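*Asks:* File work-v4.tsv below, TSV, C-alpha atoms:
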```
chain	number	residue	atom	x	y	z
A	163	MET	CA	-189.32	-157.06	60.70
A	164	GLU	CA	-185.90	-156.61	62.29
A	165	ASN	CA	-186.68	-153.00	63.02
A	166	PHE	CA	-189.71	-154.01	65.04
A	167	ASN	CA	-188.14	-156.43	67.48
A	168	PHE	CA	-189.06	-153.98	70.23
A	169	VAL	CA	-192.75	-154.86	69.81
A	170	SER	CA	-192.45	-158.29	71.38
A	171	LYS	CA	-190.21	-157.02	74.17
A	172	LYS	CA	-192.51	-154.14	75.08
A	173	LEU	CA	-195.61	-156.32	74.97
A	174	ILE	CA	-194.16	-158.95	77.27
A	175	GLU	CA	-192.87	-156.31	79.70
A	176	TRP	CA	-196.31	-154.70	79.78
A	177	TYR	CA	-198.01	-158.07	80.21
A	178	LYS	CA	-195.92	-159.10	83.20
A	179	VAL	CA	-197.03	-155.96	85.04
A	180	ASN	CA	-200.65	-155.66	83.88
A	181	LYS	CA	-201.97	-159.18	83.21
A	182	ARG	CA	-205.09	-160.37	84.96
A	183	VAL	CA	-204.94	-163.36	87.26
A	184	LEU	CA	-207.10	-166.01	85.58
A	185	PRO	CA	-207.48	-169.74	86.34
A	186	TRP	CA	-206.44	-170.90	82.85
A	187	ARG	CA	-203.16	-169.00	82.99
A	188	ASN	CA	-199.89	-170.28	84.43
A	189	LEU	CA	-200.96	-173.82	83.65
A	190	PHE	CA	-200.05	-176.05	80.74
A	191	ASP	CA	-203.07	-178.33	80.57
A	192	PRO	CA	-204.25	-178.32	76.93
A	193	TYR	CA	-207.73	-179.47	77.93
A	194	LYS	CA	-208.37	-176.54	80.27
A	195	ILE	CA	-206.81	-174.08	77.83
A	196	TRP	CA	-209.07	-175.48	75.10
A	197	VAL	CA	-212.21	-175.08	77.22
A	198	SER	CA	-211.27	-171.53	78.22
A	199	GLU	CA	-210.63	-170.48	74.63
A	200	ILE	CA	-213.95	-171.88	73.39
A	201	ILE	CA	-215.82	-170.09	76.19
A	202	LEU	CA	-214.01	-166.80	75.61
A	203	GLN	CA	-214.51	-166.71	71.84
A	204	GLN	CA	-217.82	-164.91	72.24
A	205	THR	CA	-217.84	-164.06	75.95
A	206	ARG	CA	-216.02	-161.40	77.94
A	207	VAL	CA	-213.65	-162.67	80.61
A	208	ALA	CA	-215.73	-161.26	83.47
A	209	GLN	CA	-218.76	-163.23	82.27
A	210	GLY	CA	-216.92	-166.35	81.16
A	211	LEU	CA	-214.99	-166.88	84.39
A	212	GLU	CA	-217.94	-168.25	86.36
A	213	TYR	CA	-218.99	-170.52	83.50
A	214	TYR	CA	-215.43	-171.82	83.08
A	215	ASN	CA	-215.09	-172.66	86.78
A	216	ARG	CA	-218.46	-174.40	86.85
A	217	PHE	CA	-217.74	-176.37	83.67
A	218	ILE	CA	-214.28	-177.49	84.84
A	219	ARG	CA	-215.58	-178.54	88.25
A	220	ARG	CA	-218.03	-180.89	86.56
A	221	PHE	CA	-215.80	-181.91	83.63
A	222	PRO	CA	-212.21	-181.66	84.92
A	223	ASN	CA	-210.68	-183.64	82.06
A	224	VAL	CA	-211.31	-185.07	78.62
A	225	LYS	CA	-212.60	-188.39	79.95
A	226	SER	CA	-215.29	-186.86	82.16
A	227	LEU	CA	-216.52	-184.68	79.30
A	228	ALA	CA	-216.54	-187.52	76.77
A	229	GLU	CA	-218.51	-189.80	79.08
A	230	ALA	CA	-221.21	-187.24	79.90
A	231	GLU	CA	-224.62	-187.10	78.23
A	232	GLU	CA	-225.05	-184.27	75.75
A	233	GLN	CA	-228.01	-182.81	77.63
A	234	GLU	CA	-225.89	-182.44	80.74
A	235	VAL	CA	-223.10	-180.75	78.78
A	236	LEU	CA	-225.61	-178.30	77.32
A	237	LYS	CA	-227.04	-177.64	80.77
A	238	TYR	CA	-223.61	-176.66	82.08
A	239	TRP	CA	-223.14	-174.47	79.01
A	240	GLN	CA	-226.50	-172.78	79.54
A	241	GLY	CA	-226.29	-169.00	79.39
A	242	LEU	CA	-223.17	-168.87	77.23
A	243	GLY	CA	-225.01	-169.15	73.92
A	244	TYR	CA	-223.51	-170.59	70.73
A	245	TYR	CA	-224.51	-174.09	71.84
A	246	SER	CA	-222.95	-175.71	68.79
A	247	ARG	CA	-219.62	-175.03	70.51
A	248	ALA	CA	-220.65	-177.12	73.51
A	249	ARG	CA	-221.73	-179.93	71.20
A	250	ASN	CA	-218.41	-179.69	69.35
A	251	LEU	CA	-216.48	-179.79	72.63
A	252	HIS	CA	-218.36	-182.92	73.60
A	253	PHE	CA	-217.82	-184.56	70.21
A	254	ALA	CA	-214.12	-183.64	70.13
A	255	ALA	CA	-213.62	-185.08	73.63
A	256	LYS	CA	-214.97	-188.38	72.32
A	257	MET	CA	-212.59	-188.13	69.36
A	258	ILE	CA	-209.66	-187.72	71.76
A	259	MET	CA	-210.76	-190.74	73.76
A	260	ASN	CA	-211.33	-192.91	70.67
A	261	GLU	CA	-208.56	-191.77	68.34
A	262	HIS	CA	-205.83	-190.62	70.75
A	263	GLN	CA	-206.32	-193.06	73.63
A	264	GLY	CA	-207.59	-190.26	75.85
A	265	VAL	CA	-204.41	-188.19	75.54
A	266	PHE	CA	-204.78	-184.66	74.19
A	267	PRO	CA	-202.80	-184.58	70.92
A	268	LYS	CA	-199.67	-182.44	70.94
A	269	ASN	CA	-199.47	-182.07	67.17
A	270	TYR	CA	-200.95	-178.84	65.73
A	271	ASP	CA	-202.47	-180.55	62.68
A	272	ALA	CA	-203.98	-183.31	64.81
A	273	ILE	CA	-205.57	-180.71	67.08
A	274	LEU	CA	-206.88	-178.86	64.04
A	275	ARG	CA	-208.70	-182.01	62.95
A	276	LEU	CA	-210.73	-182.11	66.18
A	277	LYS	CA	-214.31	-181.01	65.66
A	278	GLY	CA	-214.90	-177.32	66.30
A	279	ILE	CA	-211.24	-176.34	66.49
A	280	GLY	CA	-209.91	-173.82	63.98
A	281	ASP	CA	-206.57	-172.12	63.45
A	282	TYR	CA	-207.03	-169.69	66.31
A	283	THR	CA	-207.91	-172.27	68.97
A	284	ALA	CA	-205.28	-174.77	67.80
A	285	ALA	CA	-202.61	-172.05	67.92
A	286	ALA	CA	-203.69	-171.03	71.42
A	287	ILE	CA	-203.53	-174.61	72.69
A	288	VAL	CA	-200.08	-175.45	71.30
A	289	SER	CA	-198.49	-172.11	72.16
A	290	PHE	CA	-199.87	-171.85	75.69
A	291	SER	CA	-199.33	-175.53	76.52
A	292	TRP	CA	-196.02	-176.26	74.78
A	293	ASN	CA	-194.67	-172.86	73.65
A	294	MET	CA	-194.97	-173.76	69.97
A	295	PRO	CA	-194.53	-170.70	67.68
A	296	TYR	CA	-198.02	-170.47	66.21
A	297	PRO	CA	-199.50	-166.94	66.27
A	298	VAL	CA	-202.87	-166.55	67.96
A	299	VAL	CA	-204.85	-163.88	66.13
A	300	ASP	CA	-208.18	-162.75	67.58
A	301	GLY	CA	-210.10	-159.47	67.53
A	302	ASN	CA	-207.78	-157.95	70.11
A	303	VAL	CA	-204.74	-158.75	68.00
A	304	PHE	CA	-206.35	-157.49	64.79
A	305	ARG	CA	-207.15	-154.19	66.49
A	306	PHE	CA	-203.72	-153.65	68.03
A	307	LEU	CA	-201.71	-154.52	64.94
A	308	SER	CA	-203.94	-152.59	62.54
A	309	ARG	CA	-203.56	-149.47	64.69
A	310	LEU	CA	-199.87	-149.89	65.40
A	311	PHE	CA	-199.01	-150.03	61.70
A	312	ALA	CA	-202.11	-148.20	60.33
A	313	ILE	CA	-203.02	-151.21	58.19
A	314	ASP	CA	-205.95	-150.77	55.80
A	315	GLU	CA	-206.26	-154.47	54.97
A	316	PRO	CA	-209.79	-155.58	56.03
A	317	ILE	CA	-209.71	-158.04	58.90
A	318	ASP	CA	-212.90	-159.85	57.87
A	319	THR	CA	-211.53	-161.43	54.68
A	320	GLY	CA	-209.42	-164.53	54.15
A	321	LYS	CA	-206.62	-162.39	52.75
A	322	GLY	CA	-206.74	-160.06	55.74
A	323	LYS	CA	-206.63	-162.88	58.27
A	324	LYS	CA	-203.62	-164.42	56.53
A	325	TYR	CA	-201.88	-161.04	56.43
A	326	PHE	CA	-202.30	-160.36	60.15
A	327	THR	CA	-201.39	-163.93	61.09
A	328	ALA	CA	-198.16	-163.66	59.10
A	329	LEU	CA	-197.42	-160.25	60.65
A	330	SER	CA	-197.96	-161.56	64.16
A	331	GLY	CA	-195.67	-164.50	63.36
A	332	GLU	CA	-192.92	-162.12	62.22
A	333	LEU	CA	-193.19	-160.03	65.37
A	334	MET	CA	-193.25	-163.07	67.67
A	335	ASP	CA	-190.35	-163.87	69.94
A	336	LYS	CA	-190.24	-167.57	69.07
A	337	SER	CA	-188.55	-168.46	72.34
A	338	GLN	CA	-191.52	-167.00	74.25
A	339	ALA	CA	-194.34	-167.85	71.87
A	340	GLY	CA	-196.99	-168.54	74.48
A	341	LEU	CA	-196.11	-165.46	76.50
A	342	PHE	CA	-196.10	-163.29	73.37
A	343	ASN	CA	-199.53	-164.54	72.27
A	344	GLN	CA	-201.05	-163.98	75.69
A	345	ALA	CA	-199.49	-160.52	75.87
A	346	MET	CA	-200.90	-159.55	72.45
A	347	MET	CA	-204.40	-160.67	73.40
A	348	GLU	CA	-204.30	-159.07	76.83
A	349	PHE	CA	-202.98	-155.79	75.45
A	350	GLY	CA	-205.92	-155.54	73.07
A	351	ALA	CA	-208.36	-156.47	75.83
A	352	LEU	CA	-207.09	-154.00	78.43
A	353	GLN	CA	-205.14	-151.21	76.72
A	354	CYS	CA	-205.87	-151.01	72.98
A	355	ILE	CA	-209.61	-151.33	73.53
A	356	PRO	CA	-212.23	-150.87	70.79
A	357	VAL	CA	-213.57	-147.45	71.80
A	358	SER	CA	-211.68	-144.47	73.24
A	359	PRO	CA	-208.43	-146.14	74.31
A	360	ASP	CA	-206.20	-144.03	76.54
A	361	CYS	CA	-203.29	-143.70	74.13
A	362	THR	CA	-201.42	-141.31	76.43
A	363	ILE	CA	-200.50	-144.19	78.76
A	364	CYS	CA	-199.80	-146.69	75.98
A	365	PRO	CA	-196.22	-147.99	75.79
A	366	PHE	CA	-196.50	-147.77	72.00
A	367	GLU	CA	-197.61	-144.13	71.92
A	368	ALA	CA	-194.42	-143.03	70.18
A	369	ASN	CA	-194.51	-145.94	67.74
A	370	CYS	CA	-198.18	-146.12	66.74
A	371	PHE	CA	-198.85	-144.99	63.17
A	372	ALA	CA	-202.60	-144.58	63.76
A	373	TYR	CA	-202.03	-142.43	66.85
A	374	ALA	CA	-199.57	-140.26	64.97
A	375	ALA	CA	-202.16	-139.73	62.25
A	376	ARG	CA	-204.97	-139.16	64.81
A	377	SER	CA	-206.87	-141.99	63.18
A	378	VAL	CA	-207.04	-144.63	65.94
A	379	SER	CA	-210.84	-144.91	65.70
A	380	ARG	CA	-210.56	-145.83	62.01
A	381	TYR	CA	-208.97	-149.19	62.76
A	382	PRO	CA	-209.44	-152.05	62.33
A	383	VAL	CA	-210.94	-151.86	58.85
A	384	LYS	CA	-213.82	-154.18	57.97
A	385	GLN	CA	-215.03	-154.87	54.46
A	386	ASN	CA	-218.24	-156.76	55.05
A	387	LYS	CA	-221.08	-156.16	57.43
A	388	THR	CA	-222.99	-159.20	58.62
A	389	LYS	CA	-226.50	-159.12	57.23
A	390	THR	CA	-229.05	-159.72	59.93
A	391	LYS	CA	-232.62	-160.93	59.63
A	392	ASP	CA	-235.47	-160.09	62.00
A	393	LEU	CA	-237.38	-163.03	63.45
A	394	TYR	CA	-240.44	-162.80	65.70
A	395	LEU	CA	-240.97	-165.48	68.35
A	396	TYR	CA	-244.25	-166.08	70.17
A	397	TYR	CA	-243.91	-168.35	73.19
A	398	PHE	CA	-246.75	-169.85	75.20
A	399	HIS	CA	-246.12	-170.74	78.83
A	400	ILE	CA	-249.00	-173.21	79.10
A	401	HIS	CA	-249.37	-174.61	82.60
A	402	ASP	CA	-251.72	-175.82	85.28
A	403	SER	CA	-250.98	-175.66	88.98
A	404	ASP	CA	-248.32	-178.37	88.78
A	405	HIS	CA	-247.23	-178.91	85.18
A	406	LEU	CA	-246.08	-177.12	82.05
A	407	TYR	CA	-245.23	-178.03	78.45
A	408	ILE	CA	-241.84	-177.93	76.71
A	409	LYS	CA	-240.26	-179.25	73.55
A	410	GLU	CA	-236.71	-179.96	72.40
A	411	ARG	CA	-235.48	-178.01	69.36
A	412	ASN	CA	-234.28	-180.93	67.25
A	413	VAL	CA	-233.74	-179.07	63.99
A	414	LYS	CA	-230.37	-177.67	62.98
A	415	GLY	CA	-229.86	-173.99	63.71
A	416	ILE	CA	-230.00	-171.80	66.75
A	417	TRP	CA	-230.51	-173.54	70.11
A	418	GLN	CA	-230.45	-177.04	68.67
A	419	ASN	CA	-231.24	-179.67	71.34
A	420	LEU	CA	-232.33	-177.05	73.88
A	421	PHE	CA	-235.82	-176.96	75.38
A	422	GLU	CA	-238.47	-174.26	75.17
A	423	PHE	CA	-242.18	-173.56	75.48
A	424	PRO	CA	-244.57	-174.07	72.56
A	425	LEU	CA	-243.47	-171.57	69.94
A	426	ILE	CA	-244.78	-169.90	66.81
A	427	GLU	CA	-242.16	-168.20	64.63
A	428	SER	CA	-242.85	-165.47	62.10
A	429	ASP	CA	-240.85	-163.32	59.69
A	430	ILE	CA	-243.17	-160.41	60.44
A	431	SER	CA	-244.54	-158.88	63.61
A	432	LEU	CA	-248.02	-160.14	64.53
A	433	ASN	CA	-250.66	-158.70	66.81
A	434	PHE	CA	-252.71	-161.14	68.87
A	435	GLU	CA	-255.57	-161.26	66.38
A	436	GLN	CA	-253.19	-162.20	63.58
A	437	LEU	CA	-251.42	-164.68	65.82
A	438	SER	CA	-254.69	-166.40	66.67
A	439	GLN	CA	-255.30	-167.12	62.98
A	440	ILE	CA	-252.10	-169.15	62.61
A	441	PRO	CA	-252.91	-172.87	62.06
A	442	GLN	CA	-250.60	-173.89	64.91
A	443	PHE	CA	-252.42	-171.59	67.29
A	444	LYS	CA	-255.82	-172.92	66.25
A	445	GLU	CA	-254.62	-176.48	66.68
A	446	TRP	CA	-253.27	-175.88	70.18
A	447	PHE	CA	-256.11	-173.73	71.45
A	448	GLN	CA	-259.31	-175.16	70.03
A	449	GLU	CA	-262.50	-173.13	70.13
A	450	GLU	CA	-264.48	-175.38	72.46
A	451	SER	CA	-262.11	-174.54	75.29
A	452	ALA	CA	-261.75	-171.18	76.97
A	453	TYR	CA	-258.27	-169.76	77.51
A	454	VAL	CA	-256.98	-166.59	79.10
A	455	PHE	CA	-253.84	-165.26	77.45
A	456	LYS	CA	-251.70	-162.92	79.52
A	457	ARG	CA	-248.79	-161.33	77.68
A	458	ILE	CA	-245.92	-161.16	80.15
A	459	ILE	CA	-243.12	-160.00	77.84
A	460	GLU	CA	-243.49	-158.01	74.65
A	461	LYS	CA	-240.85	-157.73	71.92
A	462	ARG	CA	-237.90	-158.77	74.05
A	463	LYS	CA	-234.92	-158.10	71.77
A	464	HIS	CA	-232.16	-160.68	71.54
A	465	VAL	CA	-229.32	-160.16	69.08
A	466	LEU	CA	-227.47	-163.08	67.49
A	467	SER	CA	-224.68	-162.91	64.95
A	468	HIS	CA	-227.02	-163.26	61.98
A	469	ARG	CA	-230.46	-162.61	63.42
A	470	VAL	CA	-232.28	-160.12	65.60
A	471	LEU	CA	-234.98	-161.85	67.61
A	472	TYR	CA	-238.07	-160.23	69.10
A	473	ALA	CA	-239.82	-162.46	71.60
A	474	ASP	CA	-243.30	-162.28	73.12
A	475	PHE	CA	-244.18	-164.56	76.02
A	476	TYR	CA	-247.80	-165.40	76.81
A	477	GLU	CA	-248.83	-167.13	80.00
A	478	VAL	CA	-251.77	-169.49	79.51
A	479	TYR	CA	-253.24	-171.06	82.61
A	480	ILE	CA	-255.31	-174.24	82.12
A	481	GLU	CA	-257.30	-176.31	84.58
A	482	LYS	CA	-256.08	-179.64	83.23
A	483	GLY	CA	-253.82	-181.04	80.53
A	484	LEU	CA	-254.32	-180.31	76.86
A	485	LYS	CA	-254.78	-183.18	74.42
A	486	THR	CA	-253.93	-180.78	71.58
A	487	LEU	CA	-250.22	-180.68	72.45
A	488	PRO	CA	-249.09	-184.25	71.65
A	489	GLU	CA	-245.69	-183.15	70.31
A	490	PHE	CA	-244.80	-181.46	73.60
A	491	THR	CA	-243.56	-182.98	76.83
A	492	LYS	CA	-245.63	-182.39	79.95
A	493	ILE	CA	-243.37	-182.03	82.98
A	494	LYS	CA	-243.70	-180.97	86.59
A	495	LYS	CA	-242.70	-177.34	87.13
A	496	GLU	CA	-239.89	-178.25	89.51
A	497	GLU	CA	-238.35	-180.55	86.89
A	498	LEU	CA	-237.67	-177.73	84.44
A	499	ASN	CA	-234.25	-176.99	85.94
A	500	LYS	CA	-233.10	-180.41	84.73
A	501	TYR	CA	-233.45	-179.36	81.09
A	502	PRO	CA	-231.02	-177.12	79.17
A	503	ILE	CA	-232.77	-173.96	77.99
A	504	HIS	CA	-231.67	-170.95	75.94
A	505	ARG	CA	-231.17	-167.38	77.15
A	506	LEU	CA	-234.65	-166.10	76.27
A	507	MET	CA	-236.28	-168.89	78.22
A	508	GLN	CA	-233.87	-168.34	81.08
A	509	TYR	CA	-234.67	-164.62	81.15
A	510	TYR	CA	-238.41	-165.25	81.25
A	511	LEU	CA	-238.24	-167.82	84.02
A	512	GLU	CA	-235.71	-166.03	86.21
A	513	GLU	CA	-237.15	-162.55	85.92
A	514	LYS	CA	-240.85	-163.29	85.92
A	515	PHE	CA	-241.52	-166.57	87.65
A	516	ASP	CA	-238.34	-167.67	89.40
A	517	ILE	CA	-238.89	-171.30	88.39
```
Would you put the structure from the file into structure tokens?

*Replies:*
Amino acid sequence: MENFNFVSKKLIEWYKVNKRVLPWRNLFDPYKIWVSEIILQQTRVAQGLEYYNRFIRRFPNVKSLAEAEEQEVLKYWQGLGYYSRARNLHFAAKMIMNEHQGVFPKNYDAILRLKGIGDYTAAAIVSFSWNMPYPVVDGNVFRFLSRLFAIDEPIDTGKGKKYFTALSGELMDKSQAGLFNQAMMEFGALQCIPVSPDCTICPFEANCFAYAARSVSRYPVKQNKTKTKDLYLYYFHIHDSDHLYIKERNVKGIWQNLFEFPLIESDISLNFEQLSQIPQFKEWFQEESAYVFKRIIEKRKHVLSHRVLYADFYEVYIEKGLKTLPEFTKIKKEELNKYPIHRLMQYYLEEKFDI
């Protein structure tokens, strides 16, 4: 790659002029870098910034995170989604306290052994904190490199990821590893964007193989499309004047350990008549009692990586508590903000009831 030494130089020059001012930059604290990278894996910077600041204010170091209760950690993560990442952060903080005497490990392989940390995050931590020459390859890097060299290797395969990681390592200025990695990621985020990049102002306009071939939109190449499954969720906001019912999701999967209203799940869409024939429904709302069901939200779409959710929310007002909901927790309305809830619940409460 001797002929492409200019790539690193141009990237770093561009970065110094165009980089965004962010709280996790220009610092060498592996803990804060770690938290920022986990937050930003599935969240845009503009959205993640507020969550990062809030999380760091409450958990400024490994010790404070390790000593916290999981429910509190999930509450501070609320709204970011991918809650398994918060649980992994919490678990890994305990690993650091127990196995590394509370000191964040400096060794790449030791970091890689921490729960929830993969090649990408480990490389980001060691390169940004200690300038170690490990390439950080994310979606921004895949996109930039595949366009620059018009690479047809699919990015969503093990072979493709190894190829682009090796390529990034060859292009890297080892003496400025952290700066190079940040420049690559920032360039993809701000300049070589997914749709309709302005190639006329790109410093690599004269060097980009995809631009020369007028095929920028073709890259990066993906081999596999994630198969998604539709799931229909029917929530019941059952409450009296002072209380409501919630339950913790204690099964593995989406939103594990978060709280929600009584729920009926279905693989198919149900009208209310069909819904009322479900055994769960009959158990909760027994015939001798009269209930008024008011549908507040219909087919609210929520897209996850592997599922497309459609949620209905019914408000059910009752005069007094229900004995038919023994598996649910009855709480005062004002106590709900103490419990971590997922985005659909948050949307319902914020938009419709402000509770």

*Asks:* Of the candidates A:Arg219, A:Lys482, A:Lys268, A:Lys172, which shows the shortest atom-to-atom distance to Lys194 (chain A), using all atoms listed in the file?

*Replies:* A:Arg219

*Asks:* The residues within 12 Å of (-214.6, -159.5, 58.9), using all atoms listed in the file and the coordinates of the file, should be reported as a CSV table (one decimal) with C-alpha atoms, in the coordinates of the input; which are they?

*Replies:*
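After the write, point-v5.csv holds the following:
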```
chain,number,residue,atom,x,y,z
A,300,ASP,CA,-208.2,-162.8,67.6
A,301,GLY,CA,-210.1,-159.5,67.5
A,304,PHE,CA,-206.4,-157.5,64.8
A,305,ARG,CA,-207.2,-154.2,66.5
A,315,GLU,CA,-206.3,-154.5,55.0
A,316,PRO,CA,-209.8,-155.6,56.0
A,317,ILE,CA,-209.7,-158.0,58.9
A,318,ASP,CA,-212.9,-159.8,57.9
A,319,THR,CA,-211.5,-161.4,54.7
A,320,GLY,CA,-209.4,-164.5,54.2
A,321,LYS,CA,-206.6,-162.4,52.8
A,322,GLY,CA,-206.7,-160.1,55.7
A,323,LYS,CA,-206.6,-162.9,58.3
A,382,PRO,CA,-209.4,-152.0,62.3
A,383,VAL,CA,-210.9,-151.9,58.8
A,384,LYS,CA,-213.8,-154.2,58.0
A,385,GLN,CA,-215.0,-154.9,54.5
A,386,ASN,CA,-218.2,-156.8,55.0
A,387,LYS,CA,-221.1,-156.2,57.4
A,388,THR,CA,-223.0,-159.2,58.6
```

*Asks:* What is the CA of Leu173 (chain A) to CA of Gln209 (chain A) distance in Å?

*Replies:*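 Here the two named atoms are 25.2 Å from each other.
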
*Asks:* Of the candidates A:Val299, A:Gly278, A:Tyr509, A:Thr491, which one gets nearest to Ile459 (chain A) if we count all atoms listed in the file?

*Replies:*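 Smallest distance to Ile459 (chain A) is found for A:Tyr509.
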
*Asks:* I'd like the interatomic distance between CA of Gly241 (chain A) and CA of Ala345 (chain A), to a tenth of an Å.

*Replies:* 28.3 Å

*Asks:* Within 8 Å of Ser379 (chain A), counting all atoms listed in the file, which residues show up once you throw out same-chain ones fewer than 4 positions away? Write them as number ranges by chain, please.

*Replies:* A: 356-358

*Asks:* Would you output that residue set with C-alpha atoms, as a compact mmCIF listing (two decimals), keeping the file's coordinate frame?

*Replies:*
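The file below, result19.txt, is the result:
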```txt
# COMPACT_ATOMS: atom_id res chain seq x y z
CA PRO A 356 -212.23 -150.87 70.79
CA VAL A 357 -213.57 -147.45 71.80
CA SER A 358 -211.68 -144.47 73.24
```

*Asks:* Out of A:Lys492, A:Gly264, A:Asp191, A:Ser198, which residue has the shortest atom-to-atom distance to Asp402 (chain A) when counting only C-alpha atoms?

*Replies:* A:Lys492
